[in-house]
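Reviewing the structure listed below.
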Amino acid sequence: MVCTKSEIHSVILQHLEKRMEQGRKDFLLAKESRDSDTKSSAGDKFETGREMMQREMDKISAALDMQKNQLTQMQRISLIENKTRIGIGSFITTDAENYYVSVGLGKLTCGETAFYAISADSPLGELLMGKQVNDIIELRGRKITLKSIQ
């Protein structure tokens, strides 16, 4: 059974929310680790450990910001519009794979339906934008026929 566009959209939202929750937990663990480190006679070792934890916290914080932006982008996508041309929010089936033009998350599944969540700014997204059913795109020497657009 093929999932509907709204079900696929929900899968992506849930995926982003899980990643954000894990990021928040990782941030708190890194903060705890940084703050619980006690000053020892080896002051340089203490400072190096704290700096490493701070860098990890900065990295996690940047990832959380990106995920928040992706979540905002997903919330702006209209599920009502049915387009004849591919745009942001289009679910495309091809003779090869299925794609949802939204945010770049890679391969996901909805029930038994595998699909790739791709950004419109990705090389494949740029190739797909504006195309219609039965158009053929060429990606890395491989021809892909567009079967349907939701």
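Naming works like this for the structure tokens: A, B, ... for the chains as they're shown, residue 1 at the start of each chain, ligands 1 onward in shown order.
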
Give me the residues near region 76-80 of chain A as a PyMOL selection string, where near means some atom within 12 Å (using only C-alpha atoms) and where sequence neighbours in that chain fewer than 2 positions away do not count.
chain A and resi 4-10+12-13+69-74+82-83+87-91+100-103+150

Assign secondary structure with DSSP using the backbone only, and return the residues of chain A in alpha helix (DSSP H) as a count of residues only.
72

From a DSSP calculation on the backbone, collect every residue of region 48-125 of chain A in strand (DSSP E) and output the set as a PyMOL selection string.
chain A and resi 91-94+98-102+106-110+113-119

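Nearest residue to Gly130 (chain A), choosing from A:Arg85, A:Lys147, A:Tyr116, A:Ala96 and counting only C-alpha atoms: A:Arg85.
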
I'd like the neighbourhood of Asp65 (chain A) as a list in words, where a residue qualifies if any of its atoms comes within 12 Å (using only C-alpha atoms), though same-chain residues fewer than 6 positions away should be ignored.
Leu16, Arg19, Met20, Gly23, Arg24, Asp58, Lys59, Leu71 and Thr72 of chain A

Residue selection dump (all heavy atoms) as a compact mmCIF listing (two decimals), in the first residue's frame:
```txt
# COMPACT_ATOMS: atom_id res chain seq x y z
N LEU A 16 11.94 14.51 12.36
CA LEU A 16 12.59 15.74 12.82
C LEU A 16 12.40 15.95 14.32
O LEU A 16 13.34 16.34 15.03
CB LEU A 16 12.06 16.95 12.05
CG LEU A 16 12.57 17.11 10.63
CD1 LEU A 16 11.80 18.21 9.90
CD2 LEU A 16 14.06 17.41 10.62
N ARG A 19 14.70 13.61 16.21
CA ARG A 19 16.08 14.08 16.14
C ARG A 19 16.30 15.28 17.06
O ARG A 19 17.34 15.39 17.72
CB ARG A 19 16.45 14.45 14.71
CG ARG A 19 16.69 13.22 13.85
CD ARG A 19 16.97 13.53 12.41
NE ARG A 19 18.11 14.40 12.21
CZ ARG A 19 18.53 14.78 11.01
NH1 ARG A 19 17.91 14.36 9.93
NH2 ARG A 19 19.56 15.58 10.89
N MET A 20 15.31 16.17 17.13
CA MET A 20 15.43 17.33 18.01
C MET A 20 15.42 16.92 19.48
O MET A 20 16.21 17.43 20.28
CB MET A 20 14.30 18.33 17.73
CG MET A 20 14.50 19.07 16.43
SD MET A 20 13.20 20.27 16.08
CE MET A 20 13.46 21.44 17.39
N GLY A 23 18.75 15.48 20.25
CA GLY A 23 19.72 16.58 20.32
C GLY A 23 19.65 17.31 21.65
O GLY A 23 20.67 17.67 22.23
N ARG A 24 18.43 17.55 22.13
CA ARG A 24 18.26 18.22 23.43
C ARG A 24 18.86 17.38 24.55
O ARG A 24 19.52 17.90 25.45
CB ARG A 24 16.78 18.49 23.71
CG ARG A 24 16.20 19.60 22.89
CD ARG A 24 14.76 19.93 23.33
NE ARG A 24 14.06 20.55 22.24
CZ ARG A 24 13.15 19.95 21.47
NH1 ARG A 24 12.82 18.70 21.66
NH2 ARG A 24 12.57 20.61 20.49
N ASP A 58 28.33 23.31 21.30
CA ASP A 58 28.15 24.23 20.17
C ASP A 58 27.72 23.47 18.92
O ASP A 58 26.85 23.92 18.17
CB ASP A 58 29.44 25.01 19.90
CG ASP A 58 29.79 25.99 21.02
OD1 ASP A 58 28.91 26.28 21.86
OD2 ASP A 58 30.96 26.43 21.05
N LYS A 59 28.35 22.32 18.71
CA LYS A 59 28.00 21.48 17.54
C LYS A 59 26.55 20.99 17.64
O LYS A 59 25.80 21.05 16.65
CB LYS A 59 28.97 20.29 17.50
CG LYS A 59 28.84 19.39 16.31
CD LYS A 59 29.96 18.36 16.32
CE LYS A 59 29.42 17.00 16.02
NZ LYS A 59 30.39 15.93 16.17
N LEU A 71 12.06 22.02 10.47
CA LEU A 71 10.70 21.84 10.99
C LEU A 71 9.81 23.01 10.55
O LEU A 71 8.68 22.81 10.12
CB LEU A 71 10.74 21.72 12.52
CG LEU A 71 9.51 21.22 13.21
CD1 LEU A 71 9.10 19.85 12.70
CD2 LEU A 71 9.73 21.16 14.72
N THR A 72 10.35 24.23 10.61
CA THR A 72 9.61 25.41 10.15
C THR A 72 9.28 25.29 8.67
O THR A 72 8.16 25.58 8.24
CB THR A 72 10.41 26.69 10.43
OG1 THR A 72 10.65 26.78 11.84
CG2 THR A 72 9.68 27.93 9.95
```

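Residue nearest Ala30 (chain A) within the list A:Ile86, A:Met53, A:Leu124, A:Ala114: A:Met53 [criterion: smallest interatomic distance, only C-alpha atoms].
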
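Our summary of the geometry notes that CA of His15 (chain A) is positioned 15.5 Å from CA of Ser119 (chain A).
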
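CA of Arg50 (chain A) to CA of Leu29 (chain A) spans 13.0 Å [interatomic distance, one decimal].
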
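You can rank A:Asn134, A:Ser148, A:Gln75, A:Asn98 by their closest distance to Glu112 (chain A) using only C-alpha atoms, and at the top of that list sits A:Asn98.
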
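Distances from A:Glu138, A:Lys107, A:Ile60, A:Glu32 to Pro123 (chain A) were compared using only C-alpha atoms, and the smallest one belongs to A:Glu138.
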
Can you list, as a PyMOL selection string, every protein, DNA or RNA residue that comes within 12 Å of Met52 (chain A) when you count only C-alpha atoms, leaving out same-chain residues fewer than 3 positions away?
chain A and resi 30-31+33-34+37+45-49+55-59

Could you write out that same residue set with all heavy atoms as a compact mmCIF listing (two decimals), in the first residue's frame?
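As written to disk, out_4.txt reads:
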```
# COMPACT_ATOMS: atom_id res chain seq x y z
N ALA A 30 26.05 16.77 27.63
CA ALA A 30 27.34 17.45 27.43
C ALA A 30 27.50 18.58 28.44
O ALA A 30 28.58 18.79 28.99
CB ALA A 30 27.43 17.98 26.00
N LYS A 31 26.40 19.30 28.70
CA LYS A 31 26.45 20.40 29.67
C LYS A 31 26.73 19.87 31.07
O LYS A 31 27.56 20.42 31.80
CB LYS A 31 25.13 21.18 29.64
CG LYS A 31 25.11 22.43 30.49
CD LYS A 31 23.80 23.17 30.30
CE LYS A 31 23.76 24.50 30.96
NZ LYS A 31 24.03 24.53 32.35
N SER A 33 28.23 17.09 31.82
CA SER A 33 29.60 16.60 31.83
C SER A 33 30.58 17.77 31.99
O SER A 33 31.53 17.70 32.76
CB SER A 33 29.89 15.83 30.55
OG SER A 33 31.22 15.38 30.54
N ARG A 34 30.33 18.83 31.25
CA ARG A 34 31.21 20.01 31.34
C ARG A 34 31.16 20.61 32.73
O ARG A 34 32.19 20.95 33.32
CB ARG A 34 30.78 21.05 30.32
CG ARG A 34 31.69 22.29 30.32
CD ARG A 34 31.04 23.47 29.68
NE ARG A 34 29.91 23.91 30.50
CZ ARG A 34 29.03 24.83 30.13
NH1 ARG A 34 29.14 25.39 28.96
NH2 ARG A 34 28.04 25.17 30.92
N ASP A 37 32.75 18.43 35.74
CA ASP A 37 34.20 18.23 35.73
C ASP A 37 34.80 19.06 36.86
O ASP A 37 34.56 20.26 36.95
CB ASP A 37 34.76 18.68 34.38
CG ASP A 37 35.89 17.81 33.89
OD1 ASP A 37 36.24 16.86 34.60
OD2 ASP A 37 36.40 18.08 32.79
N LYS A 45 44.54 20.01 31.84
CA LYS A 45 43.67 18.88 31.48
C LYS A 45 42.21 19.25 31.74
O LYS A 45 41.33 18.96 30.93
CB LYS A 45 44.08 17.65 32.28
CG LYS A 45 43.30 16.41 31.94
CD LYS A 45 43.78 15.24 32.75
CE LYS A 45 42.95 14.01 32.46
NZ LYS A 45 43.30 12.89 33.31
N PHE A 46 41.97 19.91 32.86
CA PHE A 46 40.61 20.35 33.21
C PHE A 46 40.08 21.32 32.16
O PHE A 46 38.97 21.15 31.66
CB PHE A 46 40.65 21.02 34.60
CG PHE A 46 39.41 21.78 34.95
CD1 PHE A 46 38.25 21.11 35.33
CD2 PHE A 46 39.39 23.16 34.91
CE1 PHE A 46 37.10 21.82 35.66
CE2 PHE A 46 38.24 23.87 35.24
CZ PHE A 46 37.10 23.20 35.61
N GLU A 47 40.87 22.31 31.80
CA GLU A 47 40.45 23.31 30.82
C GLU A 47 40.22 22.68 29.45
O GLU A 47 39.29 23.03 28.74
CB GLU A 47 41.47 24.45 30.72
CG GLU A 47 41.55 25.32 31.97
CD GLU A 47 40.22 25.98 32.34
OE1 GLU A 47 39.47 26.38 31.42
OE2 GLU A 47 39.94 26.09 33.54
N THR A 48 41.09 21.75 29.06
CA THR A 48 40.94 21.06 27.77
C THR A 48 39.65 20.26 27.74
O THR A 48 38.91 20.30 26.75
CB THR A 48 42.15 20.15 27.51
OG1 THR A 48 43.33 20.94 27.51
CG2 THR A 48 42.02 19.42 26.18
N GLY A 49 39.35 19.55 28.81
CA GLY A 49 38.10 18.77 28.90
C GLY A 49 36.87 19.64 28.81
O GLY A 49 35.91 19.33 28.10
N ARG A 55 32.74 22.69 22.89
CA ARG A 55 32.69 22.52 21.43
C ARG A 55 31.59 21.55 21.04
O ARG A 55 30.88 21.76 20.04
CB ARG A 55 34.03 22.02 20.90
CG ARG A 55 35.09 23.07 20.86
CD ARG A 55 36.36 22.54 20.26
NE ARG A 55 37.44 23.51 20.42
CZ ARG A 55 38.69 23.23 20.24
NH1 ARG A 55 39.07 22.00 19.89
NH2 ARG A 55 39.62 24.15 20.40
N GLU A 56 31.45 20.47 21.80
CA GLU A 56 30.39 19.49 21.52
C GLU A 56 29.02 20.15 21.69
O GLU A 56 28.11 19.93 20.88
CB GLU A 56 30.53 18.28 22.45
CG GLU A 56 29.56 17.16 22.18
CD GLU A 56 29.74 16.50 20.82
OE1 GLU A 56 30.82 16.61 20.19
OE2 GLU A 56 28.77 15.86 20.36
N MET A 57 28.87 20.96 22.73
CA MET A 57 27.61 21.66 22.95
C MET A 57 27.31 22.62 21.79
O MET A 57 26.17 22.71 21.35
CB MET A 57 27.65 22.43 24.27
CG MET A 57 27.59 21.54 25.50
SD MET A 57 27.93 22.41 27.03
CE MET A 57 26.71 23.70 27.01
N ASP A 58 28.33 23.31 21.30
CA ASP A 58 28.15 24.23 20.17
C ASP A 58 27.72 23.47 18.92
O ASP A 58 26.85 23.92 18.17
CB ASP A 58 29.44 25.01 19.90
CG ASP A 58 29.79 25.99 21.02
OD1 ASP A 58 28.91 26.28 21.86
OD2 ASP A 58 30.96 26.43 21.05
N LYS A 59 28.35 22.32 18.71
CA LYS A 59 28.00 21.48 17.54
C LYS A 59 26.55 20.99 17.64
O LYS A 59 25.80 21.05 16.65
CB LYS A 59 28.97 20.29 17.50
CG LYS A 59 28.84 19.39 16.31
CD LYS A 59 29.96 18.36 16.32
CE LYS A 59 29.42 17.00 16.02
NZ LYS A 59 30.39 15.93 16.17
```

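Take the candidates A:Ala63, A:Ile149, A:Cys3, A:Ile118 and check each one against Glu21 (chain A) using only C-alpha atoms; the shortest distance goes to A:Ala63.
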
Tell me, in Å to one decimal, how far CA of Asp95 (chain A) is from CA of Gly125 (chain A).
16.5 Å
